[in-house]
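As provided, entry-v8.txt (compact mmCIF, C-alpha atoms and all ligand atoms) reads as follows.
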```
# COMPACT_ATOMS: atom_id res chain seq x y z
CA MET A 508 -73.71 24.78 21.98
CA TYR A 509 -70.71 23.11 23.64
CA ASP A 510 -67.25 24.67 23.42
CA ALA A 511 -65.98 21.17 22.68
CA VAL A 512 -67.35 17.69 22.17
CA ILE A 513 -64.89 14.89 22.89
CA ILE A 514 -65.56 11.56 21.20
CA GLY A 515 -64.25 8.81 23.51
CA GLY A 516 -63.66 8.90 27.26
CA GLY A 517 -60.41 6.89 27.50
CA PRO A 518 -57.24 8.58 28.81
CA ALA A 519 -56.99 10.93 25.79
CA GLY A 520 -60.61 12.10 25.96
CA ALA A 521 -60.73 12.25 29.74
CA SER A 522 -57.53 14.29 30.06
CA ALA A 523 -58.78 16.78 27.45
CA GLY A 524 -62.12 16.93 29.26
CA ILE A 525 -60.52 17.44 32.68
CA TYR A 526 -58.39 20.29 31.34
CA LEU A 527 -61.28 22.07 29.62
CA ALA A 528 -63.74 21.58 32.50
CA ASP A 529 -61.07 22.83 34.89
CA LYS A 530 -60.84 26.01 32.83
CA GLY A 531 -64.61 26.48 32.98
CA LYS A 532 -65.33 25.43 29.40
CA ASN A 533 -68.66 23.88 28.44
CA VAL A 534 -67.54 20.40 27.37
CA CYS A 535 -69.18 17.04 26.67
CA ILE A 536 -67.55 13.59 26.44
CA ILE A 537 -69.48 11.02 24.43
CA ASP A 538 -68.54 7.36 24.82
CA LYS A 539 -70.26 4.35 23.26
CA SER A 540 -69.51 2.36 26.44
CA THR A 541 -70.77 2.98 29.94
CA PHE A 542 -68.13 3.60 32.61
CA PRO A 543 -66.57 1.78 34.30
CA ARG A 544 -65.74 -0.03 31.06
CA GLN A 545 -63.08 -2.61 30.27
CA LYS A 546 -60.13 -1.77 27.99
CA THR A 547 -57.71 -4.41 26.73
CA CYS A 548 -54.37 -3.11 27.97
CA GLY A 549 -51.41 -4.28 30.06
CA GLY A 550 -52.13 -1.42 32.45
CA LEU A 551 -48.45 -0.53 32.86
CA LEU A 552 -47.84 3.11 33.68
CA THR A 553 -44.40 4.70 33.57
CA ILE A 554 -42.98 7.33 35.87
CA LYS A 555 -43.33 10.00 33.19
CA THR A 556 -47.08 9.28 33.10
CA LEU A 557 -47.38 9.83 36.83
CA GLU A 558 -45.34 13.03 36.60
CA LEU A 559 -47.49 14.31 33.75
CA MET A 560 -50.67 13.65 35.70
CA GLU A 561 -49.34 15.35 38.80
CA SER A 562 -48.22 18.45 36.93
CA SER A 563 -51.56 18.91 35.15
CA PRO A 564 -55.19 19.38 36.21
CA ILE A 565 -55.54 15.56 36.09
CA GLY A 566 -53.75 15.40 39.44
CA LYS A 567 -51.82 12.75 41.31
CA LEU A 568 -52.50 9.08 40.57
CA ASP A 569 -54.63 7.74 43.41
CA SER A 570 -52.44 5.15 45.15
CA SER A 571 -55.44 2.85 45.73
CA LEU A 572 -55.50 2.24 41.96
CA VAL A 573 -51.96 0.85 41.93
CA LEU A 574 -52.06 -2.95 42.09
CA ASN A 575 -48.30 -3.39 42.04
CA ARG A 576 -45.05 -1.43 41.79
CA ILE A 577 -42.08 -3.20 40.40
CA ASN A 578 -38.63 -2.23 39.15
CA ARG A 579 -37.18 -5.53 37.93
CA VAL A 580 -37.44 -6.41 34.26
CA SER A 581 -36.45 -9.72 32.75
CA LEU A 582 -35.62 -9.69 29.04
CA GLU A 583 -35.88 -13.02 27.23
CA ASN A 584 -35.40 -14.40 23.74
CA LYS A 585 -37.45 -17.58 23.15
CA GLY A 586 -37.17 -18.49 26.82
CA GLU A 587 -33.45 -17.73 27.06
CA LYS A 588 -32.62 -15.00 29.59
CA ILE A 589 -30.80 -12.05 27.99
CA ALA A 590 -30.61 -9.88 31.10
CA GLU A 591 -32.41 -9.03 34.28
CA MET A 592 -32.52 -5.30 34.83
CA ARG A 593 -33.18 -3.40 38.00
CA CYS A 594 -34.45 0.04 37.06
CA LYS A 595 -34.20 3.22 39.10
CA ASN A 596 -37.86 3.99 38.62
CA ASP A 597 -40.73 1.69 39.48
CA PHE A 598 -43.32 0.62 36.92
CA TYR A 599 -46.90 1.09 38.15
CA LEU A 600 -49.45 -1.56 37.33
CA VAL A 601 -53.14 -0.67 37.21
CA ASP A 602 -56.39 -2.13 35.98
CA ARG A 603 -57.65 0.03 33.13
CA LEU A 604 -61.25 -0.48 34.25
CA THR A 605 -60.66 1.41 37.50
CA PHE A 606 -57.95 3.74 36.16
CA ASP A 607 -60.06 5.06 33.28
CA ASN A 608 -63.09 5.31 35.54
CA SER A 609 -61.16 7.43 38.02
CA LEU A 610 -60.32 9.88 35.22
CA ILE A 611 -63.97 10.11 34.22
CA GLU A 612 -64.94 10.70 37.86
CA LYS A 613 -62.38 13.54 38.06
CA TYR A 614 -63.82 15.00 34.89
CA LYS A 615 -67.37 14.87 36.24
CA ALA A 616 -66.27 16.38 39.55
CA LYS A 617 -64.97 19.38 37.60
CA GLY A 618 -68.40 19.86 36.04
CA GLY A 619 -67.88 18.09 32.70
CA HIS A 620 -70.92 16.57 30.97
CA ILE A 621 -70.90 12.99 29.69
CA ILE A 622 -73.13 10.95 27.41
CA GLU A 623 -72.45 7.24 27.88
CA GLY A 624 -73.67 4.16 26.06
CA ARG A 625 -74.21 5.97 22.77
CA ALA A 626 -71.87 6.07 19.80
CA VAL A 627 -71.10 8.97 17.51
CA THR A 628 -71.97 7.86 14.00
CA LYS A 629 -71.58 11.05 12.00
CA ILE A 630 -69.45 14.15 12.23
CA LYS A 631 -70.66 17.39 10.72
CA ASP A 632 -69.09 20.86 10.53
CA LYS A 633 -70.29 22.11 13.90
CA SER A 634 -72.00 19.06 15.36
CA VAL A 635 -71.88 15.31 15.89
CA VAL A 636 -74.73 12.85 15.43
CA LEU A 637 -75.33 9.92 17.79
CA ASN A 638 -76.66 6.47 16.94
CA ASP A 639 -80.11 7.43 18.27
CA GLY A 640 -80.25 10.42 15.91
CA THR A 641 -79.49 13.10 18.53
CA GLU A 642 -77.41 15.93 17.12
CA ILE A 643 -75.06 17.80 19.44
CA GLU A 644 -73.66 21.17 18.45
CA CYS A 645 -70.15 22.24 19.32
CA ARG A 646 -67.35 24.58 18.29
CA TYR A 647 -64.53 22.01 18.43
CA ILE A 648 -64.40 18.22 18.16
CA ILE A 649 -61.65 16.17 19.82
CA GLY A 650 -61.43 12.70 18.28
CA ALA A 651 -60.27 10.42 21.09
CA ASP A 652 -62.12 7.31 19.98
CA GLY A 653 -59.17 4.93 19.82
CA CYS A 654 -57.21 3.09 17.19
CA LYS A 655 -60.14 2.04 15.00
CA GLY A 656 -62.49 4.94 15.66
CA ILE A 657 -64.41 6.98 13.13
CA THR A 658 -62.45 10.20 13.64
CA GLY A 659 -59.11 8.64 12.69
CA ARG A 660 -60.68 7.34 9.48
CA LEU A 661 -62.19 10.71 8.71
CA VAL A 662 -58.92 12.61 9.10
CA ASN A 663 -56.61 10.00 7.56
CA ARG A 664 -57.97 8.18 4.55
CA GLU A 665 -55.02 5.79 4.39
CA PRO A 666 -55.67 2.37 5.98
CA PHE A 667 -54.36 2.18 9.53
CA VAL A 668 -51.17 0.29 10.32
CA CYS A 669 -51.84 -1.44 13.60
CA ALA A 670 -50.57 -4.11 15.90
CA PHE A 671 -53.02 -6.56 17.36
CA GLY A 672 -52.67 -7.68 20.95
CA ILE A 673 -54.29 -10.42 22.94
CA GLU A 674 -54.12 -10.87 26.69
CA ALA A 675 -55.61 -12.55 29.75
CA GLU A 676 -55.48 -12.22 33.49
CA ILE A 677 -54.03 -15.39 34.90
CA PRO A 678 -53.54 -16.37 38.54
CA GLN A 679 -50.26 -14.99 39.87
CA ARG A 680 -48.81 -18.40 40.83
CA TYR A 681 -48.09 -19.28 37.19
CA VAL A 682 -45.57 -16.48 36.67
CA ASP A 683 -42.60 -14.95 38.45
CA SER A 684 -44.16 -12.24 40.60
CA SER A 685 -40.88 -10.40 41.23
CA ALA A 686 -40.21 -9.07 37.71
CA LEU A 687 -41.89 -7.90 34.56
CA LEU A 688 -41.14 -10.33 31.75
CA LEU A 689 -40.53 -9.02 28.24
CA GLU A 690 -40.08 -11.84 25.72
CA VAL A 691 -38.94 -10.54 22.35
CA GLY A 692 -38.18 -13.75 20.47
CA TYR A 693 -41.51 -15.22 19.37
CA PHE A 694 -42.90 -12.79 16.79
CA LYS A 695 -41.74 -10.80 13.77
CA ASP A 696 -41.85 -7.68 15.97
CA GLY A 697 -43.61 -6.61 19.20
CA TYR A 698 -43.28 -8.76 22.32
CA LEU A 699 -44.95 -10.92 24.92
CA TRP A 700 -45.34 -9.68 28.49
CA HIS A 701 -46.04 -10.84 32.01
CA PHE A 702 -47.19 -7.97 34.22
CA PRO A 703 -47.66 -9.21 37.81
CA LYS A 704 -50.42 -7.33 39.61
CA GLY A 705 -50.84 -9.06 42.95
CA GLU A 706 -53.49 -11.78 42.79
CA TYR A 707 -53.18 -12.07 39.06
CA ALA A 708 -50.82 -11.18 36.24
CA THR A 709 -51.75 -9.69 32.90
CA VAL A 710 -50.11 -11.91 30.29
CA GLY A 711 -50.31 -10.94 26.66
CA PHE A 712 -48.58 -10.28 23.39
CA ALA A 713 -48.83 -7.89 20.45
CA PHE A 714 -47.14 -7.48 17.10
CA THR A 715 -47.95 -5.97 13.69
CA TYR A 716 -51.35 -7.31 12.73
CA ASP A 717 -51.22 -10.46 10.63
CA LYS A 718 -54.61 -11.69 9.50
CA TYR A 719 -53.26 -15.21 8.90
CA PHE A 720 -51.86 -15.66 12.41
CA ASP A 721 -53.88 -17.77 14.85
CA TYR A 722 -53.72 -15.40 17.85
CA VAL A 723 -56.10 -17.35 20.06
CA GLY A 724 -54.59 -20.76 19.29
CA TRP A 725 -51.04 -19.53 19.89
CA PHE A 726 -51.97 -17.85 23.15
CA LYS A 727 -53.90 -20.85 24.45
CA SER A 728 -50.95 -23.12 23.85
CA TYR A 729 -48.59 -20.59 25.50
CA ILE A 730 -50.59 -20.35 28.71
CA LYS A 731 -51.00 -24.12 28.71
CA LYS A 732 -47.20 -24.38 28.72
CA LEU A 733 -47.18 -22.07 31.77
CA GLY A 734 -49.36 -24.71 33.44
CA VAL A 735 -52.59 -22.69 33.49
CA THR A 736 -55.52 -25.07 33.87
CA GLU A 737 -58.24 -22.55 34.70
CA ASN A 738 -60.50 -21.12 32.02
CA VAL A 739 -59.32 -17.57 31.44
CA LYS A 740 -61.04 -14.88 29.45
CA LEU A 741 -59.06 -13.75 26.41
CA LYS A 742 -59.34 -10.15 25.24
CA GLY A 743 -57.97 -8.67 22.04
CA ALA A 744 -57.53 -5.15 20.68
CA PHE A 745 -55.67 -3.14 18.10
CA LEU A 746 -53.09 -0.51 18.91
CA PRO A 747 -51.30 1.96 16.64
CA TYR A 748 -47.91 0.76 15.54
CA GLY A 749 -45.57 3.30 13.99
CA MET A 750 -48.01 5.63 12.31
CA GLY A 751 -46.05 8.76 13.11
CA SER A 752 -46.59 10.68 9.92
CA ARG A 753 -50.36 10.81 10.20
CA THR A 754 -52.39 14.00 10.11
CA VAL A 755 -53.86 15.06 13.44
CA THR A 756 -56.26 17.83 12.46
CA ARG A 757 -58.94 18.36 9.83
CA GLY A 758 -60.94 21.27 8.53
CA LYS A 759 -61.41 24.10 10.99
CA ASN A 760 -62.24 22.28 14.18
CA ILE A 761 -61.27 18.58 14.43
CA LEU A 762 -58.28 17.49 16.53
CA LEU A 763 -57.23 13.86 17.04
CA ALA A 764 -55.67 12.66 20.31
CA GLY A 765 -54.31 9.39 21.70
CA ASP A 766 -54.69 6.19 19.69
CA ALA A 767 -56.98 7.98 17.22
CA ALA A 768 -53.91 10.02 16.24
CA GLY A 769 -51.61 6.99 16.18
CA PHE A 770 -49.69 7.98 19.30
CA THR A 771 -48.01 4.93 20.83
CA ASP A 772 -44.35 4.21 21.41
CA THR A 773 -43.55 1.39 19.02
CA VAL A 774 -40.74 -0.02 21.18
CA THR A 775 -42.89 -0.57 24.25
CA GLY A 776 -46.47 -0.19 23.03
CA GLU A 777 -46.90 2.49 25.69
CA GLY A 778 -49.94 4.55 24.73
CA THR A 779 -51.46 5.81 27.96
CA TYR A 780 -48.77 8.45 28.41
CA TYR A 781 -49.19 9.80 24.89
CA ALA A 782 -52.98 9.65 25.20
CA LEU A 783 -52.92 11.81 28.34
CA LEU A 784 -50.28 14.13 26.88
CA SER A 785 -52.03 14.68 23.55
CA GLY A 786 -55.43 15.07 25.26
CA LEU A 787 -53.99 17.87 27.37
CA MET A 788 -52.32 19.40 24.31
CA ALA A 789 -55.59 19.32 22.35
CA ALA A 790 -57.43 21.00 25.20
CA GLU A 791 -54.74 23.65 25.64
CA SER A 792 -54.75 24.30 21.88
CA ILE A 793 -58.51 24.82 21.82
CA MET A 794 -58.01 27.67 24.26
CA SER A 795 -55.42 29.35 22.04
CA GLN A 796 -55.88 31.90 19.23
CA ASP A 797 -55.34 29.41 16.45
CA PRO A 798 -56.24 25.96 17.85
CA LEU A 799 -55.42 23.73 14.87
CA ALA A 800 -52.08 25.38 14.08
CA THR A 801 -51.16 25.28 17.77
CA TYR A 802 -52.06 21.62 18.04
CA ASN A 803 -50.14 20.69 14.87
CA LYS A 804 -47.10 22.42 16.35
CA LYS A 805 -47.43 20.91 19.83
CA THR A 806 -47.91 17.35 18.58
CA ARG A 807 -44.86 17.52 16.33
CA GLN A 808 -42.71 16.34 19.24
CA ILE A 809 -44.95 13.30 19.75
CA ILE A 810 -44.92 12.46 16.05
CA VAL A 811 -41.13 12.60 15.96
CA SER A 812 -41.00 10.38 19.06
CA VAL A 813 -43.30 7.82 17.45
CA GLU A 814 -41.26 7.87 14.24
CA LYS A 815 -38.00 7.40 16.14
CA SER A 816 -39.40 4.52 18.15
CA TYR A 817 -40.63 2.88 14.95
CA GLU A 818 -37.22 3.30 13.33
CA LEU A 819 -35.57 1.70 16.34
CA VAL A 820 -37.97 -1.23 16.33
CA ASN A 821 -37.33 -1.87 12.64
CA LYS A 822 -33.57 -1.85 13.18
CA PHE A 823 -33.84 -4.09 16.22
CA TYR A 824 -36.04 -6.72 14.59
CA GLY A 825 -34.02 -6.51 11.39
CA ASN A 826 -31.05 -7.98 13.27
CA ARG A 827 -32.67 -9.34 16.41
CA ASP A 828 -30.57 -12.41 17.07
CA GLY A 829 -27.27 -10.65 16.43
CA LEU A 830 -28.19 -7.72 18.65
CA LEU A 831 -29.50 -9.92 21.45
CA LYS A 832 -26.29 -11.94 21.38
CA ARG A 833 -24.35 -8.71 21.86
CA LEU A 834 -26.73 -7.46 24.56
CA LYS A 835 -26.69 -10.69 26.58
CA GLY A 836 -25.66 -9.93 30.15
CA LYS A 837 -25.29 -6.18 29.43
CA THR A 838 -27.45 -5.49 32.44
CA ARG A 839 -26.12 -2.04 33.10
CA PHE A 840 -26.69 -0.79 29.57
CA LEU A 841 -30.17 -2.30 29.40
CA SER A 842 -31.18 -0.96 32.85
CA TRP A 843 -30.07 2.47 31.76
CA PHE A 844 -31.96 2.19 28.48
CA CYS A 845 -35.07 1.11 30.37
CA ASP A 846 -34.78 4.05 32.76
CA VAL A 847 -34.28 6.62 30.04
CA GLN A 848 -37.16 5.15 28.06
CA VAL A 849 -39.68 5.38 30.88
CA SER A 850 -38.62 8.68 32.36
CA ARG A 851 -37.95 10.91 29.32
CA ASN A 852 -40.87 13.00 28.26
CA ILE A 853 -40.01 12.83 24.63
CA TYR A 854 -38.51 9.84 22.92
CA ASP A 855 -35.38 10.97 21.15
CA PHE A 856 -33.28 7.90 20.54
CA SER A 857 -31.97 7.77 17.05
CA ILE A 858 -29.93 4.72 16.15
CA SER A 859 -26.81 6.85 15.86
CA ARG A 860 -27.31 8.34 19.35
CA LEU A 861 -27.87 4.92 20.85
CA SER A 862 -24.84 3.47 19.09
CA ALA A 863 -22.70 6.38 20.33
CA ALA A 864 -23.95 5.84 23.89
CA TYR A 865 -23.24 2.14 23.61
CA MET A 866 -19.72 2.79 22.31
CA LYS A 867 -19.15 5.19 25.22
CA TYR A 868 -20.36 2.51 27.57
CA LYS A 869 -18.01 -0.05 26.04
CA LEU A 870 -15.03 2.27 26.15
CA PHE A 871 -15.54 4.05 29.47
CA GLY A 872 -18.11 1.94 31.30
CA ASN A 873 -20.52 4.88 31.59
CA PHE A 874 -22.74 7.02 29.46
CA GLY A 875 -21.31 10.40 30.28
CA LYS A 876 -22.70 13.24 32.28
CA ASN A 877 -26.20 12.65 33.73
CA ASN A 878 -26.40 9.36 31.89
CA SER A 879 -27.47 11.38 28.87
CA LEU A 880 -27.24 10.32 25.27
C1 LIG B 1 -53.08 -5.51 24.18
C2 LIG B 1 -52.70 -4.08 24.53
C3 LIG B 1 -51.87 -3.83 25.62
C4 LIG B 1 -51.49 -2.51 25.94
N1 LIG B 1 -50.72 -2.29 27.05
C5 LIG B 1 -50.38 -1.02 27.39
C6 LIG B 1 -49.66 -0.76 28.60
O1 LIG B 1 -49.36 -1.67 29.38
N2 LIG B 1 -49.33 0.53 28.89
C7 LIG B 1 -49.66 1.57 28.05
O2 LIG B 1 -49.31 2.72 28.35
N3 LIG B 1 -50.39 1.34 26.92
C8 LIG B 1 -50.76 0.09 26.58
N4 LIG B 1 -51.54 -0.12 25.47
C9 LIG B 1 -51.97 1.04 24.66
C10 LIG B 1 -53.11 1.79 25.38
O3 LIG B 1 -54.11 0.89 25.78
C11 LIG B 1 -53.71 2.85 24.45
O4 LIG B 1 -52.68 3.57 23.83
C12 LIG B 1 -54.62 3.83 25.21
O5 LIG B 1 -55.73 3.16 25.75
C13 LIG B 1 -55.10 4.94 24.29
O6 LIG B 1 -56.05 5.72 24.94
P1 LIG B 1 -57.17 6.50 24.10
O7 LIG B 1 -57.91 7.34 25.09
O8 LIG B 1 -56.57 7.13 22.93
O9 LIG B 1 -58.13 5.37 23.52
P2 LIG B 1 -59.00 4.27 24.27
O10 LIG B 1 -58.50 4.00 25.62
O11 LIG B 1 -59.12 3.13 23.31
O12 LIG B 1 -60.44 4.94 24.41
C14 LIG B 1 -61.25 5.19 23.29
C15 LIG B 1 -62.69 5.35 23.76
O13 LIG B 1 -63.49 5.75 22.65
C16 LIG B 1 -64.75 5.13 22.72
N5 LIG B 1 -65.30 5.13 21.35
C17 LIG B 1 -64.82 4.50 20.26
N6 LIG B 1 -65.59 4.78 19.18
C18 LIG B 1 -66.58 5.61 19.63
C19 LIG B 1 -67.69 6.26 18.99
N7 LIG B 1 -67.95 6.12 17.66
N8 LIG B 1 -68.52 7.02 19.74
C20 LIG B 1 -68.27 7.18 21.07
N9 LIG B 1 -67.25 6.60 21.72
C21 LIG B 1 -66.41 5.84 21.00
C22 LIG B 1 -64.41 3.74 23.27
O14 LIG B 1 -65.56 3.16 23.88
C23 LIG B 1 -63.31 4.06 24.27
O15 LIG B 1 -63.80 4.24 25.58
C24 LIG B 1 -51.95 -1.43 25.13
C25 LIG B 1 -52.80 -1.67 24.05
C26 LIG B 1 -53.19 -2.98 23.75
C27 LIG B 1 -54.12 -3.23 22.60
```
Is it possible to give me this structure as structure tokens?
Ligand SMILES: Cc1cc2nc3c(=O)[nH]c(=O)nc-3n(C[C@H](O)[C@H](O)[C@H](O)COP(=O)(O)OP(=O)(O)OC[C@H]3O[C@@H](n4cnc5c(N)ncnc54)[C@H](O)[C@@H]3O)c2cc1C
Amino acid sequence: MYDAVIIGGGPAGASAGIYLADKGKNVCIIDKSTFPRQKTCGGLLTIKTLELMESSPIGKLDSSLVLNRINRVSLENKGEKIAEMRCKNDFYLVDRLTFDNSLIEKYKAKGGHIIEGRAVTKIKDKSVVLNDGTEIECRYIIGADGCKGITGRLVNREPFVCAFGIEAEIPQRYVDSSALLLEVGYFKDGYLWHFPKGEYATVGFAFTYDKYFDYVGWFKSYIKKLGVTENVKLKGAFLPYGMGSRTVTRGKNILLAGDAAGFTDTVTGEGTYYALLSGLMAAESIMSQDPLATYNKKTRQIIVSVEKSYELVNKFYGNRDGLLKRLKGKTRFLSWFCDVQVSRNIYDFSISRLSAAYMKYKLFGNFGKNNSL
């Protein structure tokens, strides 16, 4: 019998696996794909993600995985430049195929078991059943099977609120390679991005899922406007979007981590950080006296972060044009916001805190001691 079975070997599952294997636990990751596997994702990692990795058994991000480091961000509204920020911290751009694979390799090197190419189809009290009928016994189950996985559905019976994103890798020459582009004007929420990665750039967009929207048609016409003539492969995927109040444990032994738990920052769509963080928290909790209570307590800070980010997004898109008019050219404020956003471990911007910081900025030209809110 395994101490823990982890369903899904993305960042959430792999980080939990690395932690448990590092502590000598008998652990098994099960993934329906075979690694290295592709994951639709912009592949942008923030400084807090790198710091988290370094301070945990996951270890330092291997520099050979970093395709680009960039600290300039261009913010646009329907093609009109709002500001160009230069942030203190670089953004790190990776390919999720190699990034996720490197985590799985670390996990295996620590002695973790993996079953690849087979899906979990049923979850029982002390075991999981695979699509070939194999039953695997375990004490704890970590559900890290992504936004639309079976564990999320088992723990939360409410339908998932998700964004849907579509992206493609296009040759670098069609975009500005010196800055990340964030275009916030085209959709009801969410944004469109250009993430330059050297020979190519990942270009994509995501917003709250709308079944009537022609994602492929819109994207094709957008990249045509950029001048792209090559045939590029389009990839699409769901991501959690403001599902902060969801339950993250069930029964006596199921813990959800990463997208399965709804952990993405709604402002940026950043999910890799929360996946790694919650995976580590789930693993740590399993080693405590009362794993589910410990995990519920630990993840509270993530849930509050997700809720706050969702609140901020709703306020922003509720008065987008007015706010963007006021933010136009406010490079210093926006650079600071960007830096705080990517470096803080826990997202704690309430609208009132942000407004107070902005007022301080307007009155005194700074944000107070340590640039804090
Ligand atoms: C278009 C788009 C762009 C994004 N861009 C960024 C970005 O730039 N930066 C960022 O930080 N985040 C980004 N995200 C979010 C990020 O990709 C996710 O938050 C992150 O991958 C979550 O990791 P995870 O381990 O929870 O899930 P995943 O990475 O989705 O891994 C889940 C794993 O579970 C496996 N699985 C599923 N069901 C089963 C089953 N029944 N049995 C066995 N295995 C199963 C899957 O094969 C998969 O390997 C983006 C998301 C999208 C959709």
Please, which residues are within 12 Å of (-48.4, 17.0, 18.2) by the file's coordinates, counting only C-alpha atoms, and could they come as number ranges by chain? A: 751-756, 762-765, 768-770, 781-782, 784-789, 791-792, 798-813, 853
Report as a PDB file with C-alpha atoms, in the frame of the given file all protein, DNA and RNA residues lying within 6 Å of stretch 619-631 of chain A, evaluated on all atoms listed in the file, omitting residues in the same chain fewer than 6 positions from it.
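Output saved as part-v7.pdb:
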```
ATOM      1  CA  ALA A 528     -63.740  21.580  32.500  1.00  0.00           C
ATOM      2  CA  VAL A 534     -67.540  20.400  27.370  1.00  0.00           C
ATOM      3  CA  CYS A 535     -69.180  17.040  26.670  1.00  0.00           C
ATOM      4  CA  ILE A 536     -67.550  13.590  26.440  1.00  0.00           C
ATOM      5  CA  ILE A 537     -69.480  11.020  24.430  1.00  0.00           C
ATOM      6  CA  ASP A 538     -68.540   7.360  24.820  1.00  0.00           C
ATOM      7  CA  LYS A 539     -70.260   4.350  23.260  1.00  0.00           C
ATOM      8  CA  SER A 540     -69.510   2.360  26.440  1.00  0.00           C
ATOM      9  CA  THR A 541     -70.770   2.980  29.940  1.00  0.00           C
ATOM     10  CA  LEU A 637     -75.330   9.920  17.790  1.00  0.00           C
ATOM     11  CA  ASN A 638     -76.660   6.470  16.940  1.00  0.00           C
TER      12      ASN A 638
END
```
Atom CA of A:Cys654 to atom CA of A:Gly776 measures 12.7 Å
Across A:Leu783, A:Ile761, A:Val739, A:Leu831, the smallest distance to ligand LIG 1 (chain B), with only C-alpha atoms and all ligand atoms counted, is shown by A:Leu783
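For the choices A:Cys645, A:Ala790, A:Leu568, A:Ala767, the atom-to-atom distance to ligand LIG 1 (chain B) is smallest for A:Ala767 when using all atoms listed in the file.
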Among A:Ile525, A:Leu733, A:Val682, A:Ile657, ligand LIG 1 (chain B) is approached most closely, using all atoms listed in the file, by A:Ile657
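Shortest atom-to-atom contact with A:Phe745 among A:Tyr817, A:Phe671, A:Tyr719, A:Tyr647: A:Phe671, counting all atoms listed in the file.
Residues within 10 Å of A:Trp700, counting only C-alpha atoms and excluding same-chain residues fewer than 5 positions away, are A:Gly549, A:Ser581, A:Leu582, A:Glu674, A:Leu687, A:Leu688, A:Leu689, A:Glu690, A:Val691, A:Ala708, A:Thr709, A:Val710, A:Gly711, A:Phe712, A:Ala713.
In this structure, atom C1 of ligand LIG 1 (chain B) sits 5.2 Å away from atom CA of A:Ile673.
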Nearest to A:Arg660, restricted to only C-alpha atoms and choosing among A:Asp772, A:Asp696, A:Asp766, A:Asp607, comes out as A:Asp766
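Among the candidates A:Leu557, A:Val774, A:Leu600, A:Leu834, the residue lying nearest to ligand LIG 1 (chain B) is A:Leu600 (atoms considered: all atoms listed in the file).
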